Structures are given as C-alpha cells and as structure tokens.
Amino acid sequence: MLSIQTIRERTDDVRQSLRDRHSDAPLDAILELDEGRRALLADVERMRRDRNEAARLIGAAKDAAERQRLIDAQRAVSADLDGLEGRLRETERELDALLLYVPNLPHPDVPIGLEADSVVILEGDGTGREARLGTPIPIAHAPHPEAIAGLLPHWELGVNLGILDFERGTKISGAPFYILRGDGARLQRALITWMLDVHREQGYLEIYPPVLVREEMLVGTGQLPKFANTMFHAEGTDLWLIPTAEVPVTNMYRDEILDAPSVPLRHVAYTPCFRHEQFSAGREVRGIKRGYQFDKVEMVQFTEPEHSWVALHALLEDALAIIRPLGLRYRVLRLATGDLTFASAMTYDIEVWAPGANEWLEVSSVSNFLDFQARRANLRYRDAAGRVQHLHTLNGSGVALPRTLAAILEAHQQPDGSVLLPEVLRPYLGGMARLERQP
C-alpha cells in the first residue's frame, strides 16, 4: 500500500495517478480520516502527559485531602483518555481499510493511457533475430505478422492430433474446461519441468507452495479486498484458491525481518492457478487461451530498494530466456497506466504470435511493485547499517501455460498435420521430435 505520509505529502500526484490509471479510490475520505486521526493522537498524547504528571503529583502530595483530590482528577482524566484511545483505534482501523483501495503510483516512464497506448520495446522473429526499438512503437500502430494461409488454430489442430478433448472437459466441469490427452499432457509436463530447470540454473530457489491461502495473503499482494470477484473462495472457510504463485511465495516472509546478507532472494514456483474470468461469446475465447484453471511457472524476487529497477530488467531477461529457444515470434510491451495491475509501478508483458489464430497471446507479465506489497504484507529486512526497511518485491511469469502450448502447436505445425517440437524440449520427451496423431 501507499503510506499515508505519501498520500498526505503527494496528494496531487496520487490524484493524477488515479486519473492516469482510469481508477478510483476514496482519497478524500482517507485525507479526512487522517486529519481526524492526527487531531485525536495529539489529544491522546496530551492527556497521557497529564495523567503521568498527575501520578507524579499524587506521589509527592503530603496532605491526604490533596492526594485524594488528585486521585479523583486522575480517574476522570483516565476515563476520558480511555474513550479517546478507543476513538483513535477505530479511526486507525477505518483508515487502514480505506488505504487498501489506493493503487500503486506508476513509474514516470510508464506510458499514460489505456491498453492501446502500451508500447512495443522489443521484437523477436523466432529465429534468433531480435530488435530492441530505440523509439517504442505504440501497440495500436505496431505491424502484425503476415497471416499464413492454411494454418489451423490450436483448437482444431489439437483435436485433430487427439491431444485436446474439449467435450469431455466440459462434461466434467463445464465450459471452458478441457482435457489434455497423451502426448499433449506429456508436452505440458515437459514445458513445466524445462522452465523450472532453466530458472534453477539462473539462480532461483524452487518452491512448491500451497494453492489454497488465507485471505490476508491476498490482501498482502493486492488482490483483496478490491478484486474478490475475480477469484474462487472455499465456502465456509478463510481459504481462497490462488490466482498465481505470486501470492503464497510473496507472503512466505511476511511479518519477518530478514538479515541483509540473505537479500536479494529469488524464488521460482510451479502451481496451477485459478481465476474467475468473465467470458463473452466469440472467437477471442476459443480454445485453451483463457480458463478458470491454468498452469504457470512464476518467478518472485525480494530486493533492496536501491536495486529493484535493475532487478526488473534482469527478471525480464530471465523470462525471455524461456521464450527465445521455443522458436516463437514474440514482442515485449511496456504497459500503459490504464493496463497496469493494481499493485504494479511498471510492467512488461511478453506476447507470442499464434499464427493459426492470427493473434498475439500474452504469456508473461514482469512487474516491479516497489514497497507496495511489502507494506501490506509487512516484508522487511535489516540493512547493513542496522536499519529496518521494507523490501521491494517483483514477479514475472516464466512462463504461463496453456497459451505457450497453443503458440507452439500453431507456430510449428507441418503440412502433414504434425507438429515439430522445439529441440530444447525433446530431452524431456524421451527424444520425441514431433507430435503426430494419436488414437
């Protein structure tokens, strides 16, 4: 969360941030509560001093009548003080609750606008050639790859190969669930294992966390209280299904003070993820691109404040290390303010081209949250000088399935209907080089 000091001292910046994000927050109510809290705090502190002074005078009084008078006066002060302290606690609870609805401040380099105002900063053609754009291209004006006649979308190709079963998935759980069969399930497992191995070699510690978490964990990372309708809650419990491994991994160190030598920390986790997506009918939701359940490998970093922007760009490179060997056309976007997540100060999205569906698919988001999540989850460390500070947190998908799987199927389909598999995955598939129709 933003500190109340930031909101108080940079009110105009916070208001502008809300406009840029096309978001809202109870800013006026927060400022009013803060003013009332400070007035109550001043009264409480004054009355505490008066009570302490009365106690000193009672101890020094020689006359019994005078002592009794002072005791009676102290009791009256204590009763008033108890009432004021109760009002102060209630005001602070109300203030803390409203602060949870204020999003993070975007970095000055984040483009202002909605999704169409995001910019392309890097492009790769899938053959090893990559162009870093000196002048970012607005996504609305970025050229799309040429459509290739005859290529099938993955929802047709996967059914033809016998690796995707939509009918039985729907029979079991309803739309938009599906089943991966045979070599399709095997390919998904190979992708996950390979991704984890790559990130472990990059220096990440592998974590296997719970996928059900308590409500306060989602408050810590910023999904609650504002976005409860996008998640699944286990009725009758305090447990929620995670929308991303970011939630349990980020909260691993909540309410702890880490020692400076242990920071930075870099963790990677595979989990299934669950999101209550809002679907509309049409081509844009066909296939396995969007669903209530999906698999993802997630990287999470905890850094010192002065190193988090360098860490963001290193994290982006760690995610690209997964995309580059897969032979997919890709691009990197710097998201505009209106497309940022609630907690992010800057986000880069990696998209891959699905030539059969003729569209870009987002497979990774790489974000710096600064101390926003750390304040909510009480993530702290002791620096070399012995001062306790909030950590900065970052995360990035490394990467998300099943969109990556869909892009692989579409980009590497062959004229005979088979799919040539990326070489990096073949050792994880027992040497299998292509997907062919299975019974």
# chains A, B, ... in the order shown; residues from 1 in each chain; ligands from 1
$ residues_around --residues "stretch 197-205 of chain A" --least-positions-apart "2" --cutoff "6 Å" --atoms "only C-alpha atoms" --output "PyMOL selection string"
chain A and resi 194-195+266-268
$ write_last_selection --atoms "C-alpha atoms" --output "short mmCIF file (atom, residue, chain, number, x, y, z; two decimals), in the first residue's frame"
data_model
loop_
_atom_site.label_atom_id
_atom_site.label_comp_id
_atom_site.auth_asym_id
_atom_site.auth_seq_id
_atom_site.Cartn_x
_atom_site.Cartn_y
_atom_site.Cartn_z
CA TRP A 194 12.15 -27.48 -18.52
CA MET A 195 11.11 -24.00 -17.36
CA ARG A 266 14.95 -15.22 -5.93
CA HIS A 267 12.30 -17.96 -5.91
CA VAL A 268 10.53 -19.89 -8.66
#
$ select_by_dssp --residues "stretch 39-165 of chain A" --states "strand (DSSP E or B)" --output "list of chain:residue names"
A:Val119, A:Val120, A:Ile121, A:Leu122, A:Glu123, A:Gly124, A:Glu130, A:Ala131, A:Arg132, A:Leu133, A:Gly134, A:Thr135, A:Pro136, A:Ile137, A:Pro138, A:Leu164, A:Asp165
$ write_last_selection --atoms "C-alpha atoms" --output "CSV table (one decimal), in the first residue's frame"
chain,number,residue,atom,x,y,z
A,119,VAL,CA,4.3,0.5,-26.4
A,120,VAL,CA,6.4,-2.2,-28.1
A,121,ILE,CA,10.0,-2.0,-27.0
A,122,LEU,CA,11.4,-5.3,-28.4
A,123,GLU,CA,10.6,-7.8,-31.1
A,124,GLY,CA,12.0,-11.2,-31.9
A,130,GLU,CA,15.9,-9.6,-32.1
A,131,ALA,CA,15.3,-5.9,-32.5
A,132,ARG,CA,15.4,-3.6,-29.5
A,133,LEU,CA,13.5,-0.5,-30.5
A,134,GLY,CA,15.2,2.8,-29.8
A,135,THR,CA,11.8,4.5,-30.1
A,136,PRO,CA,9.0,2.4,-28.7
A,137,ILE,CA,6.1,1.8,-31.1
A,138,PRO,CA,2.5,2.3,-29.8
A,164,LEU,CA,-7.1,-31.9,-26.8
A,165,ASP,CA,-10.6,-33.0,-25.6
$ closest_residue --among "A:Leu333, A:Ala42, A:Ala314, A:Val219" --to "A:Gln373" --atoms "only C-alpha atoms"
A:Val219
$ residues_around --residues "A:Thr341" --least-positions-apart "4" --cutoff "9 Å" --atoms "only C-alpha atoms" --output "PyMOL selection string"
chain A and resi 103-104+337+345-347+367
$ write_last_selection --atoms "C-alpha atoms" --output "compact mmCIF listing (two decimals), in the first residue's frame"
# COMPACT_ATOMS: atom_id res chain seq x y z
CA PRO A 103 -3.28 1.58 -6.19
CA ASN A 104 0.46 1.99 -6.56
CA THR A 337 -1.05 3.22 -16.89
CA ALA A 345 4.63 0.51 -10.64
CA MET A 346 5.80 -0.79 -14.04
CA THR A 347 5.00 -3.91 -16.04
CA SER A 367 6.43 -6.26 -12.72
$ atom_distance --atom1 "atom CA of A:Pro143" --atom2 "atom CA of A:Arg334"
16.4 Å
$ select_by_dssp --residues "stretch 118-231 of chain A" --states "alpha helix (DSSP H)" --output "count of residues only"
42
